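Peer 1: Got model10.cif for you, mmCIF, C-alpha atoms:
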```
data_structure
loop_
_atom_site.label_atom_id
_atom_site.label_comp_id
_atom_site.auth_asym_id
_atom_site.auth_seq_id
_atom_site.Cartn_x
_atom_site.Cartn_y
_atom_site.Cartn_z
CA MET K 23 -12.94 2.15 9.36
CA SER K 24 -12.90 0.81 5.79
CA VAL K 25 -12.56 -2.82 4.78
CA TRP K 26 -9.02 -2.09 3.57
CA ASP K 27 -7.68 -1.16 7.01
CA ASP K 28 -6.83 -4.74 7.98
CA LEU K 29 -4.48 -5.11 4.99
CA GLN K 30 -1.45 -3.63 6.73
CA GLY K 31 1.77 -3.49 4.73
CA GLN K 32 0.06 -4.24 1.38
CA PRO K 33 -0.19 -0.83 -0.37
CA ALA K 34 0.29 -2.21 -3.88
CA VAL K 35 -2.41 -4.88 -3.38
CA VAL K 36 -4.87 -2.37 -1.91
CA ALA K 37 -4.27 -0.01 -4.85
CA GLN K 38 -4.80 -2.82 -7.37
CA LEU K 39 -8.04 -4.03 -5.78
CA ARG K 40 -9.44 -0.53 -5.21
CA GLN K 41 -8.90 0.35 -8.87
CA ALA K 42 -10.86 -2.73 -9.89
CA ALA K 43 -13.65 -2.18 -7.35
CA GLU K 44 -14.04 1.57 -7.80
CA ARG K 45 -13.24 2.10 -11.47
CA GLY K 46 -13.51 -1.37 -12.96
CA GLU K 47 -9.86 -1.29 -14.06
CA GLY K 48 -8.74 -4.85 -14.65
CA LEU K 49 -11.92 -6.33 -13.18
CA THR K 50 -12.24 -9.92 -14.31
CA HIS K 51 -14.29 -12.99 -13.43
CA ALA K 52 -11.53 -14.94 -11.62
CA TRP K 53 -8.79 -13.90 -9.20
CA LEU K 54 -5.95 -15.80 -7.56
CA PHE K 55 -4.68 -14.40 -4.24
CA THR K 56 -1.27 -15.80 -3.28
CA GLY K 57 1.12 -15.16 -0.43
CA PRO K 58 2.83 -16.92 2.47
CA PRO K 59 0.74 -17.97 5.48
CA GLY K 60 -0.16 -14.92 7.51
CA SER K 61 0.13 -12.47 4.64
CA GLY K 62 -3.63 -11.88 4.66
CA ARG K 63 -4.66 -13.34 1.32
CA SER K 64 -8.14 -14.40 2.55
CA ASN K 65 -8.60 -11.00 4.23
CA ALA K 66 -7.70 -9.34 0.94
CA ALA K 67 -10.29 -11.43 -0.91
CA LYS K 68 -12.92 -10.60 1.72
CA ALA K 69 -12.16 -6.88 1.55
CA PHE K 70 -12.34 -6.98 -2.25
CA ALA K 71 -15.68 -8.81 -2.13
CA ALA K 72 -17.05 -6.17 0.25
CA ALA K 73 -15.84 -3.32 -1.95
CA LEU K 74 -17.38 -4.86 -5.06
CA ASN K 75 -20.78 -5.22 -3.39
CA CYS K 76 -20.63 -2.11 -1.18
CA ASP K 77 -23.90 -0.15 -0.96
CA GLN K 78 -22.19 3.21 -1.50
CA GLU K 79 -23.17 4.94 -4.73
CA ASP K 80 -20.03 7.07 -4.57
CA VAL K 81 -17.45 4.74 -6.12
CA ALA K 82 -14.64 6.44 -4.20
CA ARG K 83 -16.23 5.18 -0.96
CA ARG K 84 -16.66 1.56 -2.05
CA GLY K 85 -15.50 -0.67 0.78
CA CYS K 86 -16.68 1.80 3.41
CA GLY K 87 -16.99 -0.89 6.07
CA GLU K 88 -20.13 0.76 7.45
CA CYS K 89 -23.00 -0.16 5.11
CA PRO K 90 -25.05 -3.35 5.57
CA ALA K 91 -23.39 -5.01 2.57
CA CYS K 92 -19.86 -4.43 3.87
CA GLN K 93 -20.76 -5.54 7.38
CA THR K 94 -22.53 -8.73 6.31
CA ILE K 95 -19.73 -9.68 3.91
CA VAL K 96 -17.04 -9.09 6.52
CA GLY K 97 -19.20 -11.09 8.94
CA GLU K 98 -19.60 -13.81 6.25
CA THR K 99 -23.40 -13.72 6.36
CA HIS K 100 -24.17 -12.10 3.00
CA SER K 101 -26.42 -14.27 0.82
CA ASP K 102 -24.51 -13.54 -2.39
CA VAL K 103 -20.97 -14.10 -1.09
CA THR K 104 -19.90 -17.66 -0.31
CA PHE K 105 -16.77 -18.41 1.73
CA VAL K 106 -15.22 -21.86 1.44
CA ARG K 107 -12.54 -23.15 3.79
CA THR K 108 -11.80 -26.60 5.08
CA GLU K 109 -10.49 -27.90 8.37
CA LYS K 110 -10.09 -31.33 6.84
CA VAL K 111 -7.23 -32.54 4.69
CA THR K 112 -8.89 -31.58 1.39
CA ILE K 113 -11.94 -29.93 -0.13
CA THR K 114 -14.05 -32.80 -1.46
CA ILE K 115 -15.34 -33.19 -4.98
CA ASP K 116 -18.93 -33.02 -3.71
CA GLU K 117 -18.20 -29.66 -2.09
CA ALA K 118 -16.74 -28.44 -5.39
CA ARG K 119 -19.89 -29.48 -7.24
CA GLU K 120 -22.00 -27.51 -4.75
CA LEU K 121 -19.85 -24.45 -5.45
CA VAL K 122 -20.38 -24.79 -9.18
CA ALA K 123 -24.14 -24.99 -8.63
CA THR K 124 -24.05 -21.90 -6.40
CA ALA K 125 -21.93 -19.98 -8.90
CA GLY K 126 -24.53 -20.60 -11.59
CA ASN K 127 -27.15 -18.56 -9.73
CA ARG K 128 -27.56 -14.86 -10.33
CA PRO K 129 -27.01 -12.62 -7.28
CA SER K 130 -30.20 -12.09 -5.33
CA SER K 131 -29.54 -8.54 -4.13
CA ALA K 132 -25.91 -7.54 -4.72
CA ARG K 133 -24.05 -6.51 -7.86
CA TRP K 134 -22.03 -9.72 -7.90
CA ARG K 135 -22.27 -13.30 -6.74
CA ILE K 136 -18.83 -14.01 -5.30
CA ILE K 137 -17.24 -17.35 -4.41
CA VAL K 138 -14.18 -17.11 -2.13
CA VAL K 139 -12.22 -20.38 -1.89
CA GLU K 140 -9.72 -19.83 0.92
CA ASP K 141 -7.99 -23.21 0.59
CA ALA K 142 -7.67 -23.62 -3.18
CA ASP K 143 -4.40 -25.48 -2.60
CA ARG K 144 -6.31 -28.19 -0.70
CA MET K 145 -8.13 -29.51 -3.74
CA ALA K 146 -7.05 -32.65 -5.56
CA GLU K 147 -6.59 -32.35 -9.32
CA ARG K 148 -9.88 -34.05 -10.14
CA THR K 149 -11.66 -31.74 -7.69
CA THR K 150 -10.09 -28.66 -9.27
CA ASN K 151 -11.18 -29.89 -12.70
CA VAL K 152 -14.79 -29.74 -11.51
CA LEU K 153 -14.35 -25.97 -11.10
CA LEU K 154 -12.55 -25.48 -14.39
CA LYS K 155 -15.52 -25.05 -16.70
CA ALA K 156 -17.32 -22.78 -14.23
CA ILE K 157 -14.24 -20.56 -14.04
CA GLU K 158 -13.71 -20.67 -17.81
CA GLU K 159 -17.31 -19.76 -18.60
CA PRO K 160 -18.84 -18.09 -15.54
CA THR K 161 -22.29 -16.57 -15.47
CA PRO K 162 -22.21 -12.82 -16.21
CA ARG K 163 -22.49 -11.63 -12.58
CA THR K 164 -20.25 -14.22 -10.88
CA ILE K 165 -16.69 -13.66 -9.63
CA TRP K 166 -14.38 -16.39 -8.31
CA MET K 167 -11.64 -15.62 -5.77
CA LEU K 168 -9.15 -18.39 -5.06
CA CYS K 169 -6.53 -18.23 -2.30
CA ALA K 170 -3.33 -20.29 -2.13
CA PRO K 171 0.22 -19.95 -0.77
CA SER K 172 1.74 -19.71 -4.25
CA PRO K 173 0.66 -19.93 -7.92
CA ALA K 174 2.36 -23.33 -8.14
CA ASP K 175 -0.17 -24.71 -5.63
CA VAL K 176 -2.99 -24.31 -8.19
CA LEU K 177 -3.35 -26.20 -11.47
CA VAL K 178 -1.96 -24.27 -14.41
CA THR K 179 -5.30 -24.57 -16.23
CA ILE K 180 -6.94 -22.66 -13.37
CA ARG K 181 -4.02 -20.31 -12.79
CA SER K 182 -3.96 -19.16 -16.40
CA ARG K 183 -7.60 -18.04 -16.18
CA CYS K 184 -7.18 -15.91 -13.07
CA ARG K 185 -5.80 -12.44 -12.47
CA ALA K 186 -2.96 -12.69 -9.97
CA VAL K 187 -2.82 -10.77 -6.69
CA ALA K 188 0.51 -11.37 -4.91
CA LEU K 189 0.76 -10.53 -1.22
CA ARG K 190 3.85 -10.44 0.97
CA LEU K 191 4.35 -10.75 4.68
CA PRO K 192 3.89 -7.25 6.11
CA PRO K 193 6.61 -5.67 8.26
CA ALA K 194 6.31 -6.58 11.94
CA ALA K 195 5.80 -2.91 12.80
CA ASP K 196 2.68 -2.79 10.60
CA VAL K 197 1.28 -5.94 12.25
CA ALA K 198 1.90 -4.42 15.68
CA THR K 199 0.12 -1.23 14.64
CA LEU K 200 -2.88 -3.29 13.49
CA LEU K 201 -3.04 -5.13 16.82
CA VAL K 202 -3.00 -1.86 18.73
CA LYS K 203 -5.64 -0.17 16.56
CA ARG K 204 -7.97 -3.12 15.97
CA ASP K 205 -7.63 -5.17 19.16
CA GLY K 206 -6.51 -2.61 21.73
CA VAL K 207 -3.33 -4.54 22.55
CA ASP K 208 -0.62 -2.86 24.61
CA PRO K 209 2.00 -1.51 22.13
CA ASP K 210 4.91 -3.34 23.79
CA VAL K 211 3.03 -6.66 23.82
CA ALA K 212 1.91 -6.06 20.21
CA GLU K 213 5.48 -5.45 19.08
CA ARG K 214 6.79 -8.63 20.73
CA ALA K 215 3.88 -10.70 19.42
CA ALA K 216 4.29 -9.44 15.85
CA ARG K 217 8.01 -10.17 15.91
CA ALA K 218 7.54 -13.63 17.46
CA ALA K 219 4.87 -14.49 14.88
CA GLN K 220 7.24 -13.37 12.10
CA SER K 221 4.52 -11.04 10.80
CA HIS K 222 1.81 -13.74 10.62
CA VAL K 223 -1.21 -11.60 11.49
CA GLY K 224 -3.43 -14.36 12.90
CA ILE K 225 -0.70 -15.90 15.05
CA ALA K 226 0.43 -12.48 16.25
CA ARG K 227 -3.12 -11.74 17.41
CA ARG K 228 -3.30 -15.05 19.32
CA LEU K 229 0.08 -14.48 20.97
CA ALA K 230 -0.88 -10.93 21.93
CA ARG K 231 -4.12 -12.03 23.56
CA ASP K 232 -3.04 -15.32 25.17
CA PRO K 233 -0.19 -15.25 27.74
CA GLU K 234 -0.19 -19.06 27.89
CA ALA K 235 0.40 -19.25 24.13
CA ARG K 236 3.36 -16.91 24.54
CA GLU K 237 4.77 -19.15 27.28
CA ARG K 238 4.37 -22.30 25.17
CA ARG K 239 6.15 -20.64 22.28
CA LEU K 240 9.03 -19.48 24.49
CA GLU K 241 9.39 -23.00 25.88
CA THR K 242 9.66 -24.35 22.33
CA VAL K 243 12.24 -21.77 21.26
CA ARG K 244 14.44 -22.45 24.30
CA PHE K 245 14.62 -26.23 23.74
CA PRO K 246 17.96 -26.18 21.85
CA LEU K 247 19.64 -24.46 24.80
CA HIS K 248 19.23 -27.65 26.86
CA LEU K 249 19.78 -30.24 24.14
CA ARG K 250 22.53 -32.55 25.40
CA GLY K 251 22.66 -36.13 24.10
CA VAL K 252 20.18 -38.59 22.66
CA THR K 253 18.07 -38.82 25.83
CA ALA K 254 17.48 -35.08 25.83
CA ALA K 255 16.63 -35.24 22.11
CA VAL K 256 13.99 -37.92 22.68
CA MET K 257 12.51 -35.97 25.58
CA MET K 258 12.44 -32.79 23.47
CA ALA K 259 10.64 -34.60 20.65
CA ASP K 260 8.01 -35.95 23.02
CA LYS K 261 7.48 -32.52 24.56
CA LEU K 262 7.19 -30.79 21.16
CA VAL K 263 4.49 -33.21 20.04
CA LYS K 264 2.64 -32.72 23.34
CA ILE K 265 2.79 -28.93 23.03
CA ALA K 266 1.40 -29.05 19.49
CA THR K 267 -1.32 -31.56 20.42
CA GLU K 268 -2.43 -29.56 23.46
CA GLU K 269 -2.48 -26.39 21.38
CA ALA K 270 -4.73 -28.01 18.79
CA ASN K 271 -7.01 -29.87 21.22
CA SER K 272 -7.62 -26.78 23.33
CA SER K 273 -9.65 -25.29 20.49
CA ASN K 274 -11.16 -28.53 19.17
CA ASP K 275 -12.84 -30.11 22.22
CA GLU K 276 -15.27 -27.30 22.99
CA ARG K 277 -16.13 -26.80 19.33
CA ASP K 278 -16.73 -30.54 18.77
CA ALA K 279 -19.15 -30.70 21.69
CA ALA K 280 -21.03 -27.61 20.51
CA GLU K 281 -21.34 -28.98 16.98
CA LYS K 282 -22.67 -32.31 18.22
CA ALA K 283 -25.18 -30.62 20.53
CA ALA K 284 -26.37 -28.39 17.68
CA LEU K 285 -26.78 -31.37 15.35
CA LEU K 286 -28.75 -33.37 17.93
CA ALA K 287 -31.02 -30.37 18.56
CA THR K 288 -31.59 -29.93 14.82
CA LEU K 289 -32.43 -33.61 14.42
CA GLY K 290 -34.80 -33.53 17.41
CA ALA K 291 -32.87 -36.28 19.18
CA PRO K 292 -34.26 -37.64 22.47
CA GLU K 293 -32.64 -36.27 25.64
CA SER K 294 -31.80 -39.77 26.90
CA GLY K 295 -31.57 -43.31 25.62
CA PRO K 296 -30.15 -44.62 22.35
CA LEU K 297 -30.45 -42.60 19.17
CA PRO K 298 -32.84 -43.80 16.46
CA ALA K 299 -31.08 -45.56 13.60
CA ALA K 300 -31.90 -42.74 11.17
CA MET K 301 -29.95 -40.26 13.32
CA ARG K 302 -26.93 -42.41 14.12
CA GLY K 303 -25.58 -42.18 10.58
CA GLN K 304 -25.57 -38.36 10.63
CA VAL K 305 -23.93 -38.25 14.06
CA LYS K 306 -21.30 -40.76 12.88
CA GLN K 307 -20.60 -38.59 9.81
CA LEU K 308 -20.08 -35.56 12.05
CA GLU K 309 -17.73 -37.48 14.34
CA ASP K 310 -15.71 -38.72 11.34
CA ASP K 311 -15.41 -35.15 10.04
CA GLN K 312 -14.29 -33.98 13.48
CA LYS K 313 -11.62 -36.69 13.62
CA ARG K 314 -10.27 -35.60 10.23
CA ARG K 315 -10.31 -32.00 11.36
CA ALA K 316 -8.50 -32.91 14.58
CA LYS K 317 -5.77 -34.68 12.61
CA ARG K 318 -5.24 -31.68 10.39
CA SER K 319 -5.28 -29.23 13.29
CA VAL K 320 -2.59 -31.24 15.11
CA THR K 321 -0.50 -31.34 11.94
CA ASP K 322 -0.89 -27.59 11.43
CA SER K 323 -0.08 -26.91 15.08
CA LEU K 324 3.01 -29.12 14.94
CA ASP K 325 4.17 -27.37 11.77
CA ARG K 326 3.79 -24.03 13.54
CA THR K 327 5.70 -25.36 16.57
CA LEU K 328 8.56 -26.39 14.28
CA THR K 329 8.46 -22.96 12.64
CA ASP K 330 8.94 -21.43 16.10
CA LEU K 331 11.87 -23.80 16.69
CA LEU K 332 13.29 -22.84 13.31
CA SER K 333 13.29 -19.18 14.38
CA PHE K 334 15.86 -20.04 17.07
CA TYR K 335 18.35 -21.34 14.50
CA ARG K 336 17.49 -18.51 12.13
CA ASP K 337 18.54 -16.05 14.84
CA VAL K 338 21.70 -18.06 15.55
CA LEU K 339 22.60 -17.88 11.87
CA ILE K 340 21.94 -14.12 11.78
CA ILE K 341 24.36 -13.64 14.69
CA GLN K 342 26.97 -15.90 13.09
CA MET K 343 26.71 -13.88 9.86
CA GLY K 344 27.14 -10.53 11.59
CA ASN K 345 23.71 -9.40 12.84
CA ALA K 346 22.61 -7.97 9.49
CA VAL K 347 18.89 -8.01 10.34
CA GLU K 348 16.68 -7.92 13.42
CA LEU K 349 16.34 -11.06 15.55
CA VAL K 350 12.96 -12.74 15.93
CA ASN K 351 13.74 -13.75 19.52
CA ALA K 352 15.51 -10.58 20.57
CA GLU K 353 14.77 -11.18 24.26
CA LEU K 354 17.08 -14.23 24.11
CA ARG K 355 19.98 -12.38 22.49
CA SER K 356 22.60 -13.20 25.14
CA GLU K 357 21.73 -16.92 25.12
CA LEU K 358 21.64 -16.96 21.32
CA GLN K 359 25.06 -15.32 21.13
CA GLU K 360 26.56 -17.90 23.46
CA PHE K 361 24.97 -20.73 21.47
CA ALA K 362 26.14 -19.23 18.16
CA GLY K 363 29.72 -19.13 19.40
CA ARG K 364 29.75 -22.91 19.89
CA SER K 365 29.12 -23.81 16.22
CA THR K 366 29.48 -22.57 12.66
CA PRO K 367 27.02 -21.26 10.03
CA GLU K 368 27.38 -24.57 8.18
CA VAL K 369 26.25 -26.53 11.24
CA THR K 370 23.35 -24.14 11.80
CA LEU K 371 22.18 -24.51 8.20
CA ALA K 372 22.29 -28.30 8.53
CA ARG K 373 20.12 -28.09 11.63
CA MET K 374 17.64 -25.82 9.84
CA ASP K 375 17.50 -28.33 6.98
CA ALA K 376 16.69 -31.09 9.48
CA ILE K 377 13.76 -29.08 10.84
CA ASN K 378 12.42 -28.31 7.37
CA THR K 379 12.72 -31.98 6.41
CA ALA K 380 10.64 -32.93 9.45
CA ARG K 381 8.03 -30.31 8.54
CA LYS K 382 7.78 -31.71 5.02
CA ARG K 383 7.43 -35.30 6.25
CA ILE K 384 4.71 -34.38 8.72
CA THR K 385 2.62 -32.31 6.30
CA THR K 386 2.98 -34.40 3.14
CA THR K 387 3.32 -38.04 4.29
CA ASN K 388 1.67 -40.43 6.72
CA VAL K 389 4.73 -40.71 8.94
CA ALA K 390 4.04 -40.80 12.68
CA PRO K 391 4.77 -37.27 13.93
CA LEU K 392 6.73 -38.46 16.96
CA LEU K 393 9.09 -40.54 14.78
CA ALA K 394 9.71 -37.60 12.45
CA ILE K 395 10.40 -35.26 15.38
CA GLU K 396 12.70 -37.77 17.11
CA SER K 397 14.72 -38.14 13.93
CA MET K 398 14.94 -34.36 13.63
CA ALA K 399 15.90 -33.89 17.29
CA ALA K 400 18.77 -36.36 16.95
CA SER K 401 20.12 -34.24 14.09
CA LEU K 402 20.14 -31.15 16.31
CA ILE K 403 22.53 -32.54 18.94
#
```
Kindly return the structure encoded in the file as structure tokens.
Peer 2:
Amino acid sequence: MSVWDDLQGQPAVVAQLRQAAERGEGLTHAWLFTGPPGSGRSNAAKAFAAALNCDQEDVARRGCGECPACQTIVGETHSDVTFVRTEKVTITIDEARELVATAGNRPSSARWRIIVVEDADRMAERTTNVLLKAIEEPTPRTIWMLCAPSPADVLVTIRSRCRAVALRLPPAADVATLLVKRDGVDPDVAERAARAAQSHVGIARRLARDPEARERRLETVRFPLHLRGVTAAVMMADKLVKIATEEANSSNDERDAAEKAALLATLGAPESGPLPAAMRGQVKQLEDDQKRRAKRSVTDSLDRTLTDLLSFYRDVLIIQMGNAVELVNAELRSELQEFAGRSTPEVTLARMDAINTARKRITTTNVAPLLAIESMAASLI
């Protein structure tokens, strides 16, 4: 199984990257991977990094997925390939300076030192400017790979110095095939999960493997069917926020405890009693980072919950416009048809706009999520 196998539905991207890795065609020192969430842009960068540093002498086999270099890069443990992602709101300027210092070192064992920044869109302008000179004038054996949803999410001064790699959301059938081959998921479950995730590979995998996640999603999608009056709207808003918060906290609590235990063990903290003053500052820093991460994870989870809700109205609009394409929530077709018959495409579009407005407020402002969702829910009545 080669490193390219996970890039389902991206034949043009795979061809572009393989030409660069195997024959050096178009190989440059900086790359910008763009595509909607779930398109696999970070997976594409990882596969490319593995192919560039693959141990195979036969260039046609670069990216074999079997050699130590490929396996350690895919596992993110290779000493010459650095992966940067953040679970906080932004990548800090200090983190950017560390990247620049790392990029200045020659590779210790591989052909290339590679820096993969998975959240390039989460850098403030002054942080991005720290990277600018390193990307403009990299050391001879260093390659930068930046990932962002779209070229507009990266400063033009950075964008203009990178070779573009544009990914698209793969067809749901390709995502389902990947789940069956890679994760051993039942084909019927894989198909439903891929369709419900709207081809987002990571979310499709979670839905396929977690029946409770599938139930939470279905509960979200069915909310509009029972929306009658302001009271119901307020109750729906409260429930949506709870669903998103529970979804985020379920993965955060265990990880937070493990991180704190690991830090205390590293510091040699006493098993009981108060911590020495020298250790309290580091523990406090970890707890602050975890709080920031928790805030972002709730925001991301709520945005995904609203995306699921949006799929309901998307399907309603498809029915109202004549069923030109496949429904996301095909199992609810009869209920969707009944709902669609009670309104018009114009009303449905207005409701979709209300959901997108709430998503924008939650992800780009400091508005209280519950207030934003209540305002949205009132617009859906």
Peer 1: Taking (3.0, -2.5, 21.8) as a centre in this file's frame and 12 Å as the limit, can you find every polymer residue with an atom that close, using all atoms listed in the file, and give them as a VMD selection string?
Peer 2: chain K and resid 194 to 203 205 to 217 226 to 227 230
Peer 1: If I take CA of Tyr335 in chain K and CA of Ala372 in chain K, how far is one from the other in Å, to one decimal?
Peer 2: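 If I compute the distance from CA of Tyr335 in chain K to CA of Ala372 in chain K, I get 10.0 Å.
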Peer 1: Using all atoms listed in the file, can you tell me which of K:Ile403, K:Asp330, K:Leu229, K:Val152 comes closest to His248 in chain K?
Peer 2: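 The closest residue to His248 in chain K is K:Ile403.
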Peer 1: Running the PyMOL selection byres ((chain K and resi 81) around 12) on this model by hand, what would come out? Give it as a PyMOL selection string.
Peer 2: chain K and resi 40-46+73-80+82-86
Peer 1: Those same residues, written as a PDB file, keeping the file's coordinate frame with C-alpha atoms?
Peer 2:
```pdb
ATOM      1  CA  ARG K  40      -9.440  -0.530  -5.210  1.00  0.00           C
ATOM      2  CA  GLN K  41      -8.900   0.350  -8.870  1.00  0.00           C
ATOM      3  CA  ALA K  42     -10.860  -2.730  -9.890  1.00  0.00           C
ATOM      4  CA  ALA K  43     -13.650  -2.180  -7.350  1.00  0.00           C
ATOM      5  CA  GLU K  44     -14.040   1.570  -7.800  1.00  0.00           C
ATOM      6  CA  ARG K  45     -13.240   2.100 -11.470  1.00  0.00           C
ATOM      7  CA  GLY K  46     -13.510  -1.370 -12.960  1.00  0.00           C
ATOM      8  CA  ALA K  73     -15.840  -3.320  -1.950  1.00  0.00           C
ATOM      9  CA  LEU K  74     -17.380  -4.860  -5.060  1.00  0.00           C
ATOM     10  CA  ASN K  75     -20.780  -5.220  -3.390  1.00  0.00           C
ATOM     11  CA  CYS K  76     -20.630  -2.110  -1.180  1.00  0.00           C
ATOM     12  CA  ASP K  77     -23.900  -0.150  -0.960  1.00  0.00           C
ATOM     13  CA  GLN K  78     -22.190   3.210  -1.500  1.00  0.00           C
ATOM     14  CA  GLU K  79     -23.170   4.940  -4.730  1.00  0.00           C
ATOM     15  CA  ASP K  80     -20.030   7.070  -4.570  1.00  0.00           C
ATOM     16  CA  ALA K  82     -14.640   6.440  -4.200  1.00  0.00           C
ATOM     17  CA  ARG K  83     -16.230   5.180  -0.960  1.00  0.00           C
ATOM     18  CA  ARG K  84     -16.660   1.560  -2.050  1.00  0.00           C
ATOM     19  CA  GLY K  85     -15.500  -0.670   0.780  1.00  0.00           C
ATOM     20  CA  CYS K  86     -16.680   1.800   3.410  1.00  0.00           C
TER      21      CYS K  86
END
```
Peer 1: Between CA of Ala219 in chain K and CA of Val35 in chain K, what is the distance, to one decimal in Å?
Peer 2: 21.9 Å
Peer 1: Work out how far apart CA of Asp325 in chain K and CA of Asp141 in chain K are and give it in Å to one decimal.
Peer 2: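 Rounded to one decimal, the two atoms are 17.0 Å apart.
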Peer 1: On this file, the PyMOL selection byres ((chain K and resi 153) around 12) gives some set of residues; write that set as a PyMOL selection string.
Peer 2: chain K and resi 52+113-126+137+139+142+145-152+154-160+166-168+176-177+179-181+183
Peer 1: Using all atoms listed in the file, which of K:Ser333, K:Asn65, K:Thr385, K:Ser130 sits nearest Arg318 in chain K?
Peer 2: K:Thr385
Peer 1: Please determine, counting all atoms listed in the file, which residue among K:Leu331, K:Ala352, K:Leu297, K:Met23 has the shortest atom-to-atom distance to Glu241 in chain K.
Peer 2: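 Closest to Glu241 in chain K, using all atoms listed in the file: K:Leu331.
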Peer 1: For the structure provided, state which residues fall under the PyMOL selection byres ((chain K and resi 67) around 9), and present them as a list in words.
Peer 2: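 On this input, the PyMOL selection byres ((chain K and resi 67) around 9) captures Trp53, Phe55, Gly62, Arg63, Ser64, Asn65, Ala66, Lys68, Ala69, Phe70, Ala71, Ala72, Val138, Glu140, Met167, Leu168 and Cys169 of chain K.
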Peer 1: I'd like the contact shell of Ser397 in chain K - 12 Å cut-off, all atoms listed in the file, skipping same-chain residues fewer than 2 positions apart - returned as an MDAnalysis selection string.
Peer 2: chainID K and resid 252 255:256 258:260 373 376:377 379:381 383:384 389:395 399:403
Peer 1: What lies within 8 Å of Ser172 in chain K using all atoms listed in the file, ignoring chain neighbours under 5 positions off, as a VMD selection string?
Peer 2: chain K and resid 56 to 58
Peer 1: Write out as JSON, numbers by chain each polymer residue whose atoms come within 7 Å of range 264-272 of chain K, counting all atoms listed in the file; drop sequence neighbours fewer than 6 positions from it.
Peer 2: {"K": [319, 320, 323, 324, 327]}
Peer 1: Would you save the residues of that selection, restricted to C-alpha atoms, as an mmCIF file, keeping the file's coordinate frame?
Peer 2:
```cif
data_model
loop_
_atom_site.group_PDB
_atom_site.id
_atom_site.type_symbol
_atom_site.label_atom_id
_atom_site.label_comp_id
_atom_site.auth_asym_id
_atom_site.auth_seq_id
_atom_site.Cartn_x
_atom_site.Cartn_y
_atom_site.Cartn_z
ATOM 1 C CA SER K 319 -5.280 -29.230 13.290
ATOM 2 C CA VAL K 320 -2.590 -31.240 15.110
ATOM 3 C CA SER K 323 -0.080 -26.910 15.080
ATOM 4 C CA LEU K 324 3.010 -29.120 14.940
ATOM 5 C CA THR K 327 5.700 -25.360 16.570
#
```
Peer 1: Taking (1.2, -10.4, -14.6) in the file's coordinates, which residues come within 12 Å, counting all atoms listed in the file, written as an mmCIF file with C-alpha atoms, keeping the file's coordinate frame?
Peer 2:
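File selection_16.cif, as written:
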```cif
data_model
loop_
_atom_site.group_PDB
_atom_site.id
_atom_site.type_symbol
_atom_site.label_atom_id
_atom_site.label_comp_id
_atom_site.auth_asym_id
_atom_site.auth_seq_id
_atom_site.Cartn_x
_atom_site.Cartn_y
_atom_site.Cartn_z
ATOM 1 C CA GLY K 48 -8.740 -4.850 -14.650
ATOM 2 C CA TRP K 53 -8.790 -13.900 -9.200
ATOM 3 C CA LEU K 54 -5.950 -15.800 -7.560
ATOM 4 C CA PRO K 173 0.660 -19.930 -7.920
ATOM 5 C CA ARG K 181 -4.020 -20.310 -12.790
ATOM 6 C CA SER K 182 -3.960 -19.160 -16.400
ATOM 7 C CA ARG K 183 -7.600 -18.040 -16.180
ATOM 8 C CA CYS K 184 -7.180 -15.910 -13.070
ATOM 9 C CA ARG K 185 -5.800 -12.440 -12.470
ATOM 10 C CA ALA K 186 -2.960 -12.690 -9.970
ATOM 11 C CA VAL K 187 -2.820 -10.770 -6.690
ATOM 12 C CA ALA K 188 0.510 -11.370 -4.910
#
```
Peer 1: Pick out the residues sitting within 12 Å of Leu354 in chain K, and hand them over as a PyMOL selection string; count all atoms listed in the file, and ignore anything fewer than 5 positions along from it in its own chain.
Peer 2: chain K and resi 218+240-241+243-244+247+333-334+337-338+341+349+359-362
Peer 1: I'd like to know which of K:Arg250, K:Arg314, K:Arg228, K:His100 is closest to Ala132 in chain K, using all atoms listed in the file.
Peer 2: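 With all atoms listed in the file as the atom set, the closest residue is K:His100.
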